[in-house]
$ cat data.txt   # compact mmCIF, C-alpha atoms
# COMPACT_ATOMS: atom_id res chain seq x y z
CA MET T 1 -19.91 26.62 -15.90
CA ARG T 2 -18.39 23.28 -15.00
CA TYR T 3 -16.11 24.54 -12.20
CA ASP T 4 -18.33 27.34 -10.81
CA ARG T 5 -18.85 25.72 -7.43
CA GLN T 6 -15.15 25.50 -6.72
CA ILE T 7 -14.04 28.72 -8.42
CA THR T 8 -16.35 30.52 -5.96
CA LEU T 9 -14.04 29.43 -3.14
CA ASP T 10 -11.35 31.90 -2.11
CA GLU T 11 -8.84 29.02 -2.11
CA VAL T 12 -9.50 28.30 -5.79
CA GLY T 13 -10.77 31.25 -7.81
CA VAL T 14 -10.04 31.67 -11.51
CA SER T 15 -6.31 31.57 -10.93
CA GLY T 16 -6.57 28.34 -8.91
CA GLN T 17 -8.61 26.72 -11.64
CA GLU T 18 -5.89 27.72 -14.07
CA LYS T 19 -3.32 26.05 -11.80
CA LEU T 20 -5.39 22.87 -11.81
CA ARG T 21 -5.67 22.97 -15.59
CA ASN T 22 -1.90 23.31 -15.93
CA SER T 23 -1.12 20.53 -13.46
CA SER T 24 -0.57 16.81 -13.89
CA VAL T 25 -0.97 13.88 -11.51
CA LEU T 26 0.10 10.27 -11.99
CA ILE T 27 -2.04 7.78 -10.08
CA VAL T 28 -0.12 4.55 -9.55
CA GLY T 29 -2.68 1.80 -8.97
CA VAL T 30 -6.32 2.40 -9.90
CA GLY T 31 -7.85 0.29 -7.15
CA GLY T 32 -9.42 0.98 -3.75
CA LEU T 33 -7.43 4.18 -3.21
CA GLY T 34 -6.73 5.20 -6.79
CA CYS T 35 -10.32 5.02 -8.11
CA PRO T 36 -11.88 7.59 -5.76
CA ALA T 37 -8.79 9.80 -5.96
CA ALA T 38 -8.95 9.70 -9.77
CA GLN T 39 -12.67 10.45 -9.89
CA TYR T 40 -12.37 13.60 -7.81
CA LEU T 41 -9.19 14.87 -9.45
CA VAL T 42 -10.80 14.41 -12.86
CA GLY T 43 -13.90 16.18 -11.61
CA ALA T 44 -11.82 19.06 -10.25
CA GLY T 45 -10.21 19.64 -13.64
CA VAL T 46 -6.60 18.56 -13.13
CA GLY T 47 -5.26 19.06 -16.67
CA LYS T 48 -3.49 15.75 -17.16
CA ILE T 49 -4.02 12.54 -15.24
CA GLY T 50 -2.07 9.33 -15.73
CA LEU T 51 -3.78 6.10 -14.69
CA MET T 52 -1.30 3.31 -14.19
CA ASP T 53 -2.37 -0.26 -13.50
CA HIS T 54 -1.39 -3.62 -14.96
CA ASP T 55 -4.25 -5.44 -13.26
CA LYS T 56 -7.68 -6.46 -14.52
CA VAL T 57 -11.03 -5.82 -12.89
CA SER T 58 -12.23 -8.78 -10.84
CA ILE T 59 -15.54 -9.34 -9.09
CA SER T 60 -13.95 -9.06 -5.64
CA ASN T 61 -12.80 -5.53 -6.52
CA LEU T 62 -16.30 -4.16 -7.01
CA HIS T 63 -17.23 -3.65 -3.34
CA ARG T 64 -14.55 -0.96 -3.02
CA GLN T 65 -13.58 0.03 -6.55
CA VAL T 66 -17.00 1.37 -7.37
CA LEU T 67 -15.83 3.11 -10.54
CA TYR T 68 -16.06 -0.30 -12.23
CA ASN T 69 -19.15 -2.27 -13.24
CA GLU T 70 -19.88 -5.98 -13.48
CA SER T 71 -19.48 -5.74 -17.25
CA ASP T 72 -15.86 -4.60 -16.75
CA ILE T 73 -14.74 -7.85 -15.12
CA GLY T 74 -11.68 -9.20 -16.89
CA LYS T 75 -10.89 -5.89 -18.57
CA SER T 76 -7.84 -3.71 -17.98
CA LYS T 77 -8.36 -1.33 -15.05
CA ALA T 78 -6.33 1.42 -16.69
CA LEU T 79 -8.36 1.25 -19.91
CA VAL T 80 -11.76 1.00 -18.25
CA ALA T 81 -10.96 3.83 -15.81
CA HIS T 82 -9.69 5.94 -18.71
CA GLU T 83 -12.89 5.47 -20.69
CA LYS T 84 -15.22 6.17 -17.76
CA LEU T 85 -13.33 9.15 -16.41
CA GLN T 86 -13.04 10.75 -19.84
CA GLN T 87 -16.85 10.69 -19.92
CA LEU T 88 -16.87 12.54 -16.61
CA ASN T 89 -14.58 15.23 -17.99
CA SER T 90 -13.76 15.44 -21.69
CA GLU T 91 -11.79 18.69 -21.28
CA ILE T 92 -8.76 17.10 -19.64
CA GLU T 93 -6.10 14.71 -20.88
CA ILE T 94 -6.22 11.22 -19.41
CA VAL T 95 -3.47 8.71 -20.13
CA ALA T 96 -3.93 4.98 -19.50
CA ILE T 97 -0.74 3.10 -18.69
CA GLU T 98 -1.25 -0.67 -18.67
CA GLU T 99 2.12 -1.45 -17.15
CA ALA T 100 3.49 -2.35 -13.77
CA LEU T 101 5.75 0.25 -12.20
CA SER T 102 9.35 -0.97 -12.35
CA THR T 103 12.85 0.20 -11.60
CA GLU T 104 13.23 0.68 -15.36
CA ASN T 105 10.20 2.86 -16.10
CA ALA T 106 9.55 4.70 -12.80
CA GLU T 107 11.88 7.69 -12.90
CA LYS T 108 11.25 8.55 -16.54
CA LEU T 109 7.50 8.26 -16.11
CA PHE T 110 7.43 10.34 -12.93
CA SER T 111 9.40 13.12 -14.61
CA GLN T 112 6.39 13.69 -16.90
CA TYR T 113 4.05 14.58 -13.99
CA ASP T 114 3.93 17.20 -11.24
CA LEU T 115 3.03 14.80 -8.47
CA ILE T 116 2.47 11.12 -7.84
CA LEU T 117 -0.48 9.63 -5.99
CA ASP T 118 0.13 6.22 -4.46
CA GLY T 119 -2.78 3.84 -4.98
CA THR T 120 -0.71 0.70 -4.48
CA ASP T 121 -1.17 -2.15 -2.04
CA ASN T 122 2.32 -3.52 -1.44
CA PHE T 123 5.59 -2.44 0.14
CA GLU T 124 7.75 -3.14 -2.90
CA THR T 125 5.92 -0.57 -5.01
CA LYS T 126 5.71 1.98 -2.19
CA TYR T 127 9.49 1.91 -1.74
CA LEU T 128 9.88 2.07 -5.52
CA ILE T 129 7.60 5.13 -5.75
CA ASN T 130 9.58 6.69 -2.92
CA ASP T 131 12.97 6.18 -4.54
CA ALA T 132 11.85 7.26 -8.00
CA CYS T 133 10.23 10.40 -6.54
CA ILE T 134 13.51 11.31 -4.83
CA LEU T 135 15.39 10.86 -8.12
CA ALA T 136 12.80 12.67 -10.25
CA ASP T 137 12.34 15.32 -7.54
CA LYS T 138 8.55 14.89 -7.29
CA PRO T 139 6.27 14.94 -4.25
CA TRP T 140 4.01 11.96 -3.62
CA VAL T 141 0.84 11.44 -1.65
CA TYR T 142 0.96 8.23 0.35
CA ALA T 143 -1.81 6.15 1.87
CA SER T 144 -2.01 2.64 3.27
CA ILE T 145 -4.86 0.67 4.73
CA TYR T 146 -5.01 -2.10 7.28
CA LYS T 147 -8.61 -3.20 7.85
CA ASN T 148 -10.32 -0.13 9.38
CA GLU T 149 -7.15 1.86 9.85
CA GLY T 150 -5.27 4.08 7.47
CA GLN T 151 -2.04 6.06 7.24
CA LEU T 152 -1.71 9.22 5.15
CA SER T 153 1.20 11.53 4.40
CA VAL T 154 2.94 13.60 1.75
CA PHE T 155 6.54 12.65 1.07
CA ASN T 156 9.46 14.25 -0.72
CA TYR T 157 7.75 17.63 -0.74
CA GLN T 158 9.51 20.92 0.03
CA ASP T 159 12.57 19.22 1.42
CA GLY T 160 10.45 17.10 3.78
CA PRO T 161 10.89 13.48 4.85
CA SER T 162 10.51 10.42 2.65
CA TYR T 163 8.83 7.06 3.13
CA ARG T 164 12.18 5.55 4.04
CA CYS T 165 12.43 8.15 6.82
CA LEU T 166 9.21 6.75 8.27
CA PHE T 167 10.00 3.07 7.72
CA PRO T 168 13.76 2.68 7.22
CA LYS T 169 13.62 -0.99 8.11
CA ILE T 170 11.77 -2.97 5.47
CA THR T 171 9.19 -5.26 6.94
CA ARG T 172 8.71 -8.85 5.91
CA GLN T 173 5.02 -8.73 6.66
CA ASN T 174 3.20 -8.11 3.45
CA VAL T 175 -0.53 -8.43 3.77
CA SER T 176 -2.96 -6.87 1.32
CA CYS T 177 -6.61 -5.93 1.58
CA GLU T 178 -7.34 -9.01 -0.49
CA ALA T 179 -5.88 -11.13 2.28
CA THR T 180 -7.07 -9.30 5.41
CA GLY T 181 -10.44 -7.97 4.34
CA VAL T 182 -11.57 -4.36 4.21
CA LEU T 183 -14.78 -2.38 4.01
CA GLY T 184 -14.84 -0.53 0.71
CA VAL T 185 -15.46 2.77 2.45
CA VAL T 186 -12.05 2.76 4.16
CA PRO T 187 -9.81 2.98 1.06
CA GLY T 188 -12.56 5.16 -0.43
CA ILE T 189 -12.13 7.76 2.30
CA PHE T 190 -8.34 7.57 2.24
CA GLY T 191 -8.25 7.89 -1.55
CA MET T 192 -10.24 11.08 -1.18
CA PHE T 193 -7.90 12.30 1.57
CA GLN T 194 -5.11 11.77 -0.96
CA ALA T 195 -6.99 13.72 -3.63
CA MET T 196 -7.42 16.57 -1.14
CA GLU T 197 -3.68 16.63 -0.37
CA ALA T 198 -2.98 16.67 -4.11
CA LEU T 199 -5.33 19.62 -4.62
CA LYS T 200 -3.76 21.55 -1.72
CA ILE T 201 -0.31 21.03 -3.21
CA ILE T 202 -1.41 22.11 -6.69
CA LEU T 203 -3.34 25.13 -5.43
CA GLY T 204 -0.73 26.05 -2.81
CA VAL T 205 -3.35 26.42 -0.10
CA GLY T 206 -4.05 25.05 3.37
CA ASN T 207 -1.80 22.83 5.44
CA VAL T 208 -0.31 19.93 3.52
CA LEU T 209 0.53 16.82 5.56
CA LEU T 210 4.20 17.58 5.15
CA GLY T 211 6.44 15.98 7.74
CA LYS T 212 3.36 14.51 9.37
CA LEU T 213 1.63 11.16 9.34
CA LYS T 214 -2.10 11.04 9.83
CA LEU T 215 -3.40 7.88 11.46
CA SER T 216 -7.09 7.24 11.47
CA ASN T 217 -9.19 4.34 12.65
CA LEU T 218 -12.55 4.68 10.96
CA LEU T 219 -14.16 2.04 13.15
CA THR T 220 -13.32 3.67 16.49
CA GLY T 221 -13.12 7.24 15.24
CA SER T 222 -9.73 7.75 16.84
CA GLU T 223 -7.26 9.92 15.00
CA GLN T 224 -3.69 11.06 15.53
CA ILE T 225 -1.19 13.15 13.65
CA LEU T 226 2.41 12.12 14.29
CA LYS T 227 5.44 14.26 13.60
CA LEU T 228 7.87 12.55 11.24
CA GLN T 229 11.60 12.49 11.59
CA LYS T 230 13.61 13.34 8.49
CA ARG T 231 16.53 10.96 8.01
CA GLU T 232 18.92 12.67 5.61
CA GLU T 233 21.02 9.52 5.21
CA GLU T 234 18.04 7.59 3.80
CA ILE T 235 17.43 10.26 1.16
CA GLU T 236 21.11 10.76 0.34
CA LYS T 237 21.58 7.03 -0.16
CA ILE T 238 18.92 6.99 -2.89
CA LYS T 239 20.38 10.10 -4.56
CA ARG T 240 23.77 8.42 -4.52
CA GLU T 241 22.89 4.83 -5.42
CA GLY T 242 19.61 5.22 -7.34
CA ILE T 243 16.54 3.08 -6.79
CA ILE T 244 17.14 0.31 -4.26
CA PRO T 245 14.72 -2.46 -5.24
CA VAL T 246 12.83 -3.99 -2.35
CA LYS T 247 11.94 -7.60 -2.67
CA ILE T 248 10.05 -9.14 0.16
CA GLU T 249 10.43 -12.85 0.02
CA CYS T 250 8.81 -15.20 2.41
CA LYS T 251 9.83 -18.59 3.61
CA ILE T 252 7.61 -21.63 3.47
CA ASN T 253 6.77 -22.89 6.95
CA ASP T 254 7.00 -26.52 6.00
CA ALA T 255 9.74 -26.98 3.41
CA SER T 256 9.42 -30.76 3.43
CA LYS T 257 6.42 -30.48 1.11
CA LEU T 258 6.37 -29.72 -2.60
CA TYR T 259 4.30 -26.73 -3.71
CA LEU T 260 2.82 -25.35 -6.91
CA ASP T 261 2.34 -21.55 -6.99
CA ILE T 262 -0.23 -20.72 -9.69
CA ARG T 263 -0.30 -16.98 -9.00
CA GLU T 264 0.68 -14.51 -11.71
CA ILE T 265 4.22 -13.19 -11.36
CA PHE T 266 3.12 -9.76 -10.12
CA GLU T 267 1.23 -11.19 -7.15
CA GLN T 268 2.97 -10.55 -3.84
CA PRO T 269 4.63 -11.70 -1.70
CA ARG T 270 6.83 -13.98 -3.78
CA VAL T 271 8.15 -17.21 -2.41
CA THR T 272 11.41 -18.51 -3.74
CA SER T 273 12.36 -22.01 -2.79
CA GLU T 274 13.38 -25.07 -4.72
CA LYS T 275 10.31 -26.68 -3.16
CA VAL T 276 8.02 -24.29 -5.03
CA ILE T 277 7.17 -24.78 -8.70
CA GLN T 278 5.95 -21.48 -10.12
CA ILE T 279 3.53 -21.75 -13.00
CA PRO T 280 1.10 -18.85 -13.37
CA MET T 281 -2.45 -19.96 -14.10
CA SER T 282 -2.38 -18.04 -17.40
CA VAL T 283 0.29 -20.37 -18.81
CA LEU T 284 -0.65 -23.54 -16.98
CA ASP T 285 -1.78 -25.28 -20.19
CA GLU T 286 1.64 -25.05 -21.80
CA ARG T 287 3.63 -26.08 -18.75
CA LEU T 288 1.61 -28.98 -17.32
CA TRP T 289 4.55 -31.31 -17.90
CA GLU T 290 6.45 -29.56 -15.10
CA ILE T 291 4.01 -30.82 -12.47
CA PRO T 292 4.98 -34.26 -11.13
CA LYS T 293 2.30 -36.92 -10.78
CA GLU T 294 4.05 -39.29 -8.45
CA GLU T 295 4.37 -37.17 -5.31
CA GLU T 296 1.99 -35.02 -3.28
CA VAL T 297 1.90 -31.37 -4.46
CA PHE T 298 0.26 -28.54 -2.50
CA VAL T 299 -1.27 -25.99 -4.85
CA PHE T 300 -1.69 -22.40 -3.72
CA CYS T 301 -2.79 -19.00 -4.97
CA GLN T 302 -3.52 -15.75 -3.11
CA SER T 303 -6.71 -16.79 -1.34
CA GLY T 304 -7.19 -20.51 -2.05
CA LYS T 305 -10.00 -20.02 -4.57
CA ARG T 306 -8.20 -20.26 -7.88
CA SER T 307 -6.00 -23.08 -6.63
CA LYS T 308 -9.11 -25.04 -5.64
CA LYS T 309 -10.39 -24.78 -9.20
CA VAL T 310 -7.02 -25.76 -10.61
CA VAL T 311 -6.81 -28.84 -8.39
CA GLU T 312 -10.28 -29.94 -9.50
CA LEU T 313 -9.60 -29.22 -13.16
CA LEU T 314 -6.25 -31.00 -13.29
CA LYS T 315 -7.76 -34.00 -11.57
CA ALA T 316 -10.82 -34.19 -13.85
CA GLU T 317 -9.11 -33.49 -17.15
CA PHE T 318 -5.52 -34.61 -16.76
CA GLY T 319 -5.69 -37.31 -14.12
CA TYR T 320 -3.70 -35.58 -11.39
CA GLU T 321 -4.68 -37.44 -8.22
CA ASN T 322 -1.78 -36.09 -6.17
CA LEU T 323 -2.74 -32.42 -5.86
CA LYS T 324 -3.98 -30.81 -2.63
CA ASN T 325 -5.41 -27.32 -2.35
CA VAL T 326 -3.96 -24.93 0.24
CA GLU T 327 -7.02 -23.43 1.95
CA GLY T 328 -6.56 -19.75 2.74
CA GLY T 329 -3.84 -19.31 0.12
CA ILE T 330 -0.33 -17.99 0.47
CA GLU T 331 -0.76 -16.42 3.92
CA THR T 332 -1.35 -19.79 5.52
CA ILE T 333 1.89 -21.40 4.39
CA ILE T 334 4.46 -18.65 4.77
CA SER T 335 6.34 -17.47 7.77
CA ASN T 336 6.31 -13.77 8.54
CA SER T 337 9.49 -13.54 10.52
CA MET S 1 5.80 6.44 36.47
CA LYS S 2 2.73 5.94 34.32
CA VAL S 3 2.79 5.95 30.54
CA THR S 4 -0.04 5.35 28.09
CA ILE S 5 0.63 2.99 25.22
CA LYS S 6 -1.34 2.94 21.98
CA TYR S 7 -1.15 0.05 19.54
CA PHE S 8 -1.87 0.38 15.84
CA GLY S 9 -2.60 -1.94 12.92
CA MET S 10 -1.84 -5.61 13.35
CA ILE S 11 -0.02 -4.90 16.63
CA ALA S 12 -3.34 -4.01 18.26
CA GLU S 13 -4.64 -7.40 17.10
CA THR S 14 -1.60 -9.29 18.38
CA VAL S 15 -1.80 -7.53 21.74
CA GLY S 16 -5.58 -7.85 21.85
CA LYS S 17 -6.27 -4.21 22.73
CA SER S 18 -5.76 -0.75 21.29
CA GLY S 19 -3.86 0.53 24.28
CA GLU S 20 -2.97 0.25 27.95
CA VAL S 21 -1.52 2.24 30.83
CA LEU S 22 1.72 0.88 32.27
CA ASP S 23 3.36 1.70 35.55
CA LEU S 24 7.08 1.70 34.85
CA GLY S 25 10.08 2.23 37.08
CA PRO S 26 12.10 5.40 36.64
CA GLY S 27 14.67 5.75 33.85
CA VAL S 28 13.07 3.48 31.28
CA SER S 29 14.18 4.30 27.75
CA VAL S 30 11.92 4.19 24.70
CA GLN S 31 13.96 1.29 23.30
CA LYS S 32 13.69 -0.68 26.52
CA LEU S 33 9.92 -0.28 26.63
CA LYS S 34 9.72 -1.34 22.98
CA ASP S 35 11.84 -4.43 23.61
CA GLN S 36 9.82 -5.32 26.69
CA GLN S 37 6.45 -5.05 24.95
CA THR S 38 7.47 -6.76 21.71
CA LYS S 39 8.82 -9.67 23.76
CA LYS S 40 5.83 -9.83 26.09
CA TYR S 41 3.28 -9.94 23.25
CA GLN S 42 5.52 -11.57 20.65
CA ILE S 43 4.97 -8.70 18.23
CA ALA S 44 6.16 -9.74 14.77
CA ASP S 45 9.05 -8.05 12.99
CA PRO S 46 9.86 -5.60 15.84
CA GLU S 47 12.66 -3.88 13.93
CA ALA S 48 10.16 -2.51 11.43
CA VAL S 49 7.88 -1.15 14.19
CA GLN S 50 8.22 2.59 14.71
CA ILE S 51 7.67 4.29 18.05
CA ALA S 52 6.26 7.76 18.60
CA VAL S 53 6.36 9.49 21.97
CA ASN S 54 3.79 12.23 22.43
CA GLN S 55 2.97 12.13 18.69
CA ASP S 56 6.59 12.54 17.67
CA LEU S 57 8.48 9.80 15.80
CA ASN S 58 11.81 11.44 16.58
CA THR S 59 12.46 9.72 19.87
CA ASN S 60 15.40 8.24 21.68
CA SER S 61 15.24 9.73 25.12
CA GLU S 62 14.03 8.37 28.43
CA LEU S 63 10.34 8.21 29.14
CA LYS S 64 8.69 10.44 31.69
CA GLU S 65 5.45 10.45 33.65
CA GLY S 66 2.38 10.89 31.46
CA ASP S 67 4.06 10.14 28.14
CA GLU S 68 1.97 8.65 25.36
CA VAL S 69 3.80 5.98 23.40
CA ALA S 70 2.51 4.77 20.02
CA PHE S 71 3.53 1.43 18.48
CA LEU S 72 3.24 1.84 14.74
CA PRO S 73 3.66 -1.05 12.29
CA PRO S 74 4.11 -0.55 8.56
CA PHE S 75 1.21 -1.77 6.45
CA ALA S 76 0.57 -1.44 2.77
CA GLY S 77 -3.03 -2.30 1.95
CA GLY S 78 -5.07 -0.38 -0.57
$ encode --input "data.txt" --output "structure tokens"
Amino acid sequence: MRYDRQITLDEVGVSGQEKLRNSSVLIVGVGGLGCPAAQYLVGAGVGKIGLMDHDKVSISNLHRQVLYNESDIGKSKALVAHEKLQQLNSEIEIVAIEEALSTENAEKLFSQYDLILDGTDNFETKYLINDACILADKPWVYASIYKNEGQLSVFNYQDGPSYRCLFPKITRQNVSCEATGVLGVVPGIFGMFQAMEALKIILGVGNVLLGKLKLSNLLTGSEQILKLQKREEEIEKIKREGIIPVKIECKINDASKLYLDIREIFEQPRVTSEKVIQIPMSVLDERLWEIPKEEEVFVFCQSGKRSKKVVELLKAEFGYENLKNVEGGIETIISNS
Amino acid sequence: MKVTIKYFGMIAETVGKSGEVLDLGPGVSVQKLKDQQTKKYQIADPEAVQIAVNQDLNTNSELKEGDEVAFLPPFAGG
């Protein structure tokens, strides 16, 4: 039998397996955290799993998102993950959602699942998950990575604290794994920690990280569990006012220059300034006329790679001699404070 | 009065170490220690940094001998 090895456990048993079969989990972000979490929850027989991601597989994902193959590059993460995971377990329902989470779709979507697993990599979406979970009255399993370190907790569960209780003041520092670097194992381990918390909640066993924040540095081996403080006013505010969108906008260090941002609109953090022309690479062809030829323009993307190609291409094919690539991408030209 | 400080995430990088032991005068509040350290090391976005004393984030009292103080930044990678 497929689930024999877990049904044997006292914590699962036949009744626990039934609980898993009748449960549903929405995984928001099928990346470094979401992939491993999804694989193990599918394996365990969670009855319905939603896989939400608007992103496509890229080659720089493969070192940590090992669910995907080289042949998946350029394809929708949600669709590829759906197809592969359904092969792992054909008995459960898997739903691919190729959309970004938004203030419009979050609450309604969350109401269709028992719990939410956060596989995202930016503050905006984490606060959005938090607020929508409060409104839809759903628990969520949180994790975040910075290099070799991770944070893990369960929010909005059994009257416990929320993410806004932990970080009421919204930071302006938004750095992703793409920008700082990460060993694939680190989100891998934390994604599995998240899957374990999800299973404990569904099965009603063990000690859920409720009201606690686990901190773990996988390089040094040091680990701490901090006690969280519940801030009623943060939770009440959301119940009263609904989702409070978080938009982290950064300022350009040197606003005397003119910039061209070729990142897609979902790429964070956004920079809004009249000195920044925003033309996503996907629509660059149609909007070339917006780029001036007579003054120096600094072209940037997330890391500096795509913008380098764009600078070369526009010079070779359209005669733009005035474009300069921003090495190191967005992080090198914005101010964090 | 000695307290042990632990730095997490990018704060540890800014400070250049994962922790230190400080000898403080009596009657130093958590907030004062936070202000002092964020100024000394120019820790970015101090308002978003959370402080735990003896593994508890619910803190606003004065520090005492032997306390362990954690400086916790938000981060969002995945």
$ closest_atom_pairs --input "data.txt" --of "chain S" --to "chain T" --cutoff "6 Å" --atoms "only C-alpha atoms" --output "Markdown table"
| residue | atom | partner | partner_atom | distance |
| --- | --- | --- | --- | --- |
| S:Ala48 | CA | T:Lys169 | CA | 5.0 |
| S:Gln55 | CA | T:Leu226 | CA | 4.4 |
| S:Asp56 | CA | T:Lys227 | CA | 4.6 |
| S:Leu57 | CA | T:Leu228 | CA | 5.4 |
| S:Asn58 | CA | T:Gln229 | CA | 5.1 |
| S:Ala76 | CA | T:Ser144 | CA | 4.9 |
| S:Gly77 | CA | T:Asp121 | CA | 4.4 |
| S:Gly78 | CA | T:Asp121 | CA | 4.5 |
$ write_last_selection --input "data.txt" --atoms "C-alpha atoms" --output "short mmCIF file (atom, residue, chain, number, x, y, z; two decimals), in the frame of the given file"
data_model
loop_
_atom_site.label_atom_id
_atom_site.label_comp_id
_atom_site.auth_asym_id
_atom_site.auth_seq_id
_atom_site.Cartn_x
_atom_site.Cartn_y
_atom_site.Cartn_z
CA ALA S 48 10.16 -2.51 11.43
CA GLN S 55 2.97 12.13 18.69
CA ASP S 56 6.59 12.54 17.67
CA LEU S 57 8.48 9.80 15.80
CA ASN S 58 11.81 11.44 16.58
CA ALA S 76 0.57 -1.44 2.77
CA GLY S 77 -3.03 -2.30 1.95
CA GLY S 78 -5.07 -0.38 -0.57
#
$ axis_aligned_box --input "data.txt" --around "stretch 90-104 of chain T" --padding-each-side "8 Å" --output "JSON"
{"center_x": -0.3, "center_y": 8.2, "center_z": -16.6, "size_x": 43.0, "size_y": 37.0, "size_z": 26.1}
$ residues_around --input "data.txt" --residues "T:Phe266" --least-positions-apart "2" --cutoff "10 Å" --atoms "all atoms listed in the file" --output "ChimeraX atom specification"
/T:54-55,100,263-264,268-270,280
$ residues_around --input "data.txt" --residues "stretch 102-113 of chain T" --least-positions-apart "5" --cutoff "10 Å" --atoms "all atoms listed in the file" --output "list in words"
Ser23, Ser24, Val25, Leu26, Ile27, Lys48, Ile49, Gly50, Glu124, Thr125, Leu128, Ile129, Asp131, Ala132, Cys133, Ile134, Leu135, Ala136, Asp137, Lys138, Pro139, Gly242, Ile243, Ile244 and Pro245 of chain T
$ write_last_selection --input "data.txt" --atoms "C-alpha atoms" --output "mmCIF file, keeping the file's coordinate frame"
data_model
loop_
_atom_site.group_PDB
_atom_site.id
_atom_site.type_symbol
_atom_site.label_atom_id
_atom_site.label_comp_id
_atom_site.auth_asym_id
_atom_site.auth_seq_id
_atom_site.Cartn_x
_atom_site.Cartn_y
_atom_site.Cartn_z
ATOM 1 C CA SER T 23 -1.120 20.530 -13.460
ATOM 2 C CA SER T 24 -0.570 16.810 -13.890
ATOM 3 C CA VAL T 25 -0.970 13.880 -11.510
ATOM 4 C CA LEU T 26 0.100 10.270 -11.990
ATOM 5 C CA ILE T 27 -2.040 7.780 -10.080
ATOM 6 C CA LYS T 48 -3.490 15.750 -17.160
ATOM 7 C CA ILE T 49 -4.020 12.540 -15.240
ATOM 8 C CA GLY T 50 -2.070 9.330 -15.730
ATOM 9 C CA GLU T 124 7.750 -3.140 -2.900
ATOM 10 C CA THR T 125 5.920 -0.570 -5.010
ATOM 11 C CA LEU T 128 9.880 2.070 -5.520
ATOM 12 C CA ILE T 129 7.600 5.130 -5.750
ATOM 13 C CA ASP T 131 12.970 6.180 -4.540
ATOM 14 C CA ALA T 132 11.850 7.260 -8.000
ATOM 15 C CA CYS T 133 10.230 10.400 -6.540
ATOM 16 C CA ILE T 134 13.510 11.310 -4.830
ATOM 17 C CA LEU T 135 15.390 10.860 -8.120
ATOM 18 C CA ALA T 136 12.800 12.670 -10.250
ATOM 19 C CA ASP T 137 12.340 15.320 -7.540
ATOM 20 C CA LYS T 138 8.550 14.890 -7.290
ATOM 21 C CA PRO T 139 6.270 14.940 -4.250
ATOM 22 C CA GLY T 242 19.610 5.220 -7.340
ATOM 23 C CA ILE T 243 16.540 3.080 -6.790
ATOM 24 C CA ILE T 244 17.140 0.310 -4.260
ATOM 25 C CA PRO T 245 14.720 -2.460 -5.240
#
$ residues_around --input "data.txt" --residues "T:Tyr40" --least-positions-apart "4" --cutoff "10 Å" --atoms "all atoms listed in the file" --output "list in words"
Cys35, Pro36, Ala44, Gly45, Val46, Leu85, Leu88, Gly191, Met192, Ala195, Met196 and Leu199 of chain T
$ atom_distance --input "data.txt" --atom1 "atom CA of T:Lys293" --atom2 "atom CA of T:Glu327"
20.8 Å
$ closest_residue --input "data.txt" --among "S:Lys2, S:Ala44, S:Ile51, S:Met10" --to "S:Lys32" --atoms "only C-alpha atoms"
S:Ile51
$ atom_distance --input "data.txt" --atom1 "atom CA of T:Lys305" --atom2 "atom CA of T:Ile262"
11.1 Å
$ atom_distance --input "data.txt" --atom1 "atom CA of T:Lys324" --atom2 "atom CA of T:Asn61"
27.1 Å
$ residues_around --input "data.txt" --residues "T:Asn325" --least-positions-apart "5" --cutoff "8 Å" --atoms "only C-alpha atoms" --output "list in words"
Phe298, Val299, Phe300, Gly304, Ser307, Lys308 and Val311 of chain T
$ residues_around --input "data.txt" --residues "stretch 273-277 of chain T" --least-positions-apart "5" --cutoff "9 Å" --atoms "all atoms listed in the file" --output "count of residues only"
12
$ closest_residue --input "data.txt" --among "S:Gly25, S:Asn60, S:Glu65, S:Gln37" --to "S:Lys6" --atoms "only C-alpha atoms"
S:Gln37
$ closest_residue --input "data.txt" --among "S:Val3, S:Leu63, S:Ile11, S:Val53" --to "S:Phe75" --atoms "only C-alpha atoms"
S:Ile11
$ build_atoms --input "data.txt" --residues "stretch 36-42 of chain T" --atoms "N, CA and C atoms" --output "PDB file, keeping the file's coordinate frame"
ATOM      1  N   PRO T  36     -11.238   6.364  -6.246  1.00  0.00           N
ATOM      2  CA  PRO T  36     -11.880   7.590  -5.760  1.00  0.00           C
ATOM      3  C   PRO T  36     -10.999   8.824  -5.961  1.00  0.00           C
ATOM      4  N   ALA T  37      -9.692   8.666  -5.756  1.00  0.00           N
ATOM      5  CA  ALA T  37      -8.790   9.800  -5.960  1.00  0.00           C
ATOM      6  C   ALA T  37      -8.905  10.288  -7.402  1.00  0.00           C
ATOM      7  N   ALA T  38      -8.887   9.348  -8.350  1.00  0.00           N
ATOM      8  CA  ALA T  38      -8.950   9.700  -9.770  1.00  0.00           C
ATOM      9  C   ALA T  38     -10.271  10.401 -10.091  1.00  0.00           C
ATOM     10  N   GLN T  39     -11.370   9.865  -9.572  1.00  0.00           N
ATOM     11  CA  GLN T  39     -12.670  10.450  -9.890  1.00  0.00           C
ATOM     12  C   GLN T  39     -12.748  11.917  -9.490  1.00  0.00           C
ATOM     13  N   TYR T  40     -12.262  12.226  -8.285  1.00  0.00           N
ATOM     14  CA  TYR T  40     -12.370  13.600  -7.810  1.00  0.00           C
ATOM     15  C   TYR T  40     -11.340  14.538  -8.452  1.00  0.00           C
ATOM     16  N   LEU T  41     -10.183  14.011  -8.784  1.00  0.00           N
ATOM     17  CA  LEU T  41      -9.190  14.870  -9.450  1.00  0.00           C
ATOM     18  C   LEU T  41      -9.623  15.169 -10.888  1.00  0.00           C
ATOM     19  N   VAL T  42     -10.247  14.182 -11.519  1.00  0.00           N
ATOM     20  CA  VAL T  42     -10.800  14.410 -12.860  1.00  0.00           C
ATOM     21  C   VAL T  42     -11.919  15.428 -12.781  1.00  0.00           C
TER      22      VAL T  42
END
